[in-house]
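Each remark here refers to the structure printed beneath this line.
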Amino acid sequence: MKPVPHATTLRRAPVQRRSAERLTRILDACAELLDEVGYDDLSTRAVALRAGVPIGSVYRFFGNKRQMADALAQRNLEWYTERVTERLKKAQQGDWRAAMDAVLDEYLAMKRTAPGFSLVDFGNQIPVGARRCEPNTRVADRLTKLLSGYLDRTPDEALGRVFLVAVESADALVQLAFRADPEGDEAIIAETRELLRAYLARVLD
């Protein structure tokens, strides 16, 4: 069982292992129910029942389902970062095309397989917080830090802007691909990959 990263929406961060495991069960239940009933019909009571915990345990961590969904989005981002990092270990250092493929392919894999991801992903479907906390900004900031070392680039404002534009563009096109086909329209995904390569080549070549 993976630990749950600290989420800004938590009323109280878990200290003991038992509490952390309970929080993990709550977020797992939230993810499953999002796939089954959607966000509008999601309830804290249903999550507590699915997780096998008292309703008070849910409210110990979250004031409402919006905070719970945001915590799930933050956990998704942590898992995504870990998985991209693992993919990069198999790629040649400095190869930005391989890095771009790792970033896109892992997002597609989570979109297809991670419970609740299609409705929440990193928070794009249920936006929360101020502008600097917008989901795509979160992702771009994380990728700038992660990939700058791999690409031997300075993680400055210019690089951050490049990744933000790439993330925003890819997000819009991937959403289009999954509207066209529940598994992601392969032709649109291929076009997305080409568009990203053309844009990033101008900066990273």
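Letters for chains follow the order of the structure tokens (A, B, ...), residue numbers begin at 1 for each chain, and ligand numbers begin at 1 in the order shown.
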
Hey, what's within 9 Å of Val174 in chain A if we count only C-alpha atoms and toss same-chain stuff fewer than 6 positions away? As a PyMOL selection string, please? chain A and resi 108+184-185+188-189+192

Considering only C-alpha atoms, can you say which of A:Leu33, A:Leu147, A:Ala177, A:Val162 comes closest to Lys89 in chain A? A:Leu147

Write out as JSON, numbers by chain which residues come within 8 Å of Ile55 in chain A when counting only C-alpha atoms, dropping same-chain ones fewer than 4 positions away. {"A": [44, 45, 48, 49, 59]}

Residue selection dump (C-alpha atoms) as a short mmCIF file (atom, residue, chain, number, x, y, z; two decimals), in the first residue's frame:
data_model
loop_
_atom_site.label_atom_id
_atom_site.label_comp_id
_atom_site.auth_asym_id
_atom_site.auth_seq_id
_atom_site.Cartn_x
_atom_site.Cartn_y
_atom_site.Cartn_z
CA THR A 44 -19.10 11.30 1.90
CA ARG A 45 -21.48 8.74 3.40
CA ALA A 48 -17.33 5.89 4.24
CA LEU A 49 -19.48 2.83 3.57
CA TYR A 59 -14.86 14.21 8.21
#

For Asp35 in chain A, find every residue with an atom within 10 Å (counting only C-alpha atoms), except residues of its own chain fewer than 5 positions away, and show them as a PyMOL selection string. chain A and resi 30+42+114-120

Please produce a file of those selected residues containing C-alpha atoms, as a PDB file, in the first residue's frame.
ATOM      1  CA  CYS A  30     -13.639   7.865  -3.554  1.00  0.00           C
ATOM      2  CA  LEU A  42     -20.689  11.153  -4.902  1.00  0.00           C
ATOM      3  CA  ALA A 114      -6.494   4.502 -12.771  1.00  0.00           C
ATOM      4  CA  PRO A 115      -9.814   4.497 -10.870  1.00  0.00           C
ATOM      5  CA  GLY A 116     -11.503   7.887 -10.827  1.00  0.00           C
ATOM      6  CA  PHE A 117      -8.813   9.445 -13.007  1.00  0.00           C
ATOM      7  CA  SER A 118     -11.083  10.162 -15.963  1.00  0.00           C
ATOM      8  CA  LEU A 119     -13.240  12.392 -13.755  1.00  0.00           C
ATOM      9  CA  VAL A 120     -10.600  14.021 -11.560  1.00  0.00           C
TER      10      VAL A 120
END

Pick out the residues sitting within 10 Å of Asp95 in chain A, and hand them over as JSON, numbers by chain; count only C-alpha atoms, and ignore anything fewer than 6 positions along from it in its own chain. {"A": [88, 150, 151, 204, 205]}

Take the selection from the previous step and output its residues with C-alpha atoms, as a short mmCIF file (atom, residue, chain, number, x, y, z; two decimals), in the first residue's frame.
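The result, written out as result11.cif:
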data_model
loop_
_atom_site.label_atom_id
_atom_site.label_comp_id
_atom_site.auth_asym_id
_atom_site.auth_seq_id
_atom_site.Cartn_x
_atom_site.Cartn_y
_atom_site.Cartn_z
CA LEU A 88 12.81 7.99 -17.54
CA TYR A 150 17.15 14.93 -17.00
CA LEU A 151 17.52 17.44 -19.87
CA LEU A 204 14.77 21.89 -26.73
CA ASP A 205 16.76 20.91 -29.85
#

Using only C-alpha atoms, which of A:Thr81, A:Ser43, A:Ser19, A:Thr144 sits nearest Ser57 in chain A? A:Ser19

Using only C-alpha atoms, which protein or nucleic acid residues come within 7 Å of range 132-141 of chain A? Drop anything in the same chain fewer than 6 positions from it, and give the result as number ranges by chain. A: 122-124, 160, 163-164, 167-168

Take the residues that were just selected and, keeping N, CA and C atoms, output them as an mmCIF file, in the first residue's frame.
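Dumped everything to out10.cif:
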data_model
loop_
_atom_site.group_PDB
_atom_site.id
_atom_site.type_symbol
_atom_site.label_atom_id
_atom_site.label_comp_id
_atom_site.auth_asym_id
_atom_site.auth_seq_id
_atom_site.Cartn_x
_atom_site.Cartn_y
_atom_site.Cartn_z
ATOM 1 N N PHE A 122 -5.752 15.365 -12.423
ATOM 2 C CA PHE A 122 -4.971 16.154 -11.475
ATOM 3 C C PHE A 122 -5.785 17.330 -10.942
ATOM 4 N N GLY A 123 -7.097 17.271 -11.155
ATOM 5 C CA GLY A 123 -7.989 18.325 -10.703
ATOM 6 C C GLY A 123 -8.605 19.117 -11.834
ATOM 7 N N ASN A 124 -8.287 18.765 -13.082
ATOM 8 C CA ASN A 124 -8.782 19.543 -14.216
ATOM 9 C C ASN A 124 -10.294 19.484 -14.375
ATOM 10 N N GLY A 160 9.626 26.777 -17.627
ATOM 11 C CA GLY A 160 8.324 26.529 -17.027
ATOM 12 C C GLY A 160 7.192 26.930 -17.949
ATOM 13 N N PHE A 163 6.781 24.269 -20.716
ATOM 14 C CA PHE A 163 6.085 23.074 -20.252
ATOM 15 C C PHE A 163 4.611 23.358 -19.968
ATOM 16 N N LEU A 164 4.290 24.558 -19.498
ATOM 17 C CA LEU A 164 2.889 24.893 -19.265
ATOM 18 C C LEU A 164 2.110 24.913 -20.572
ATOM 19 N N VAL A 167 1.697 21.298 -21.640
ATOM 20 C CA VAL A 167 0.707 20.600 -20.810
ATOM 21 C C VAL A 167 -0.708 21.045 -21.166
ATOM 22 N N GLU A 168 -0.918 22.343 -21.304
ATOM 23 C CA GLU A 168 -2.255 22.845 -21.654
ATOM 24 C C GLU A 168 -2.697 22.302 -23.014
#
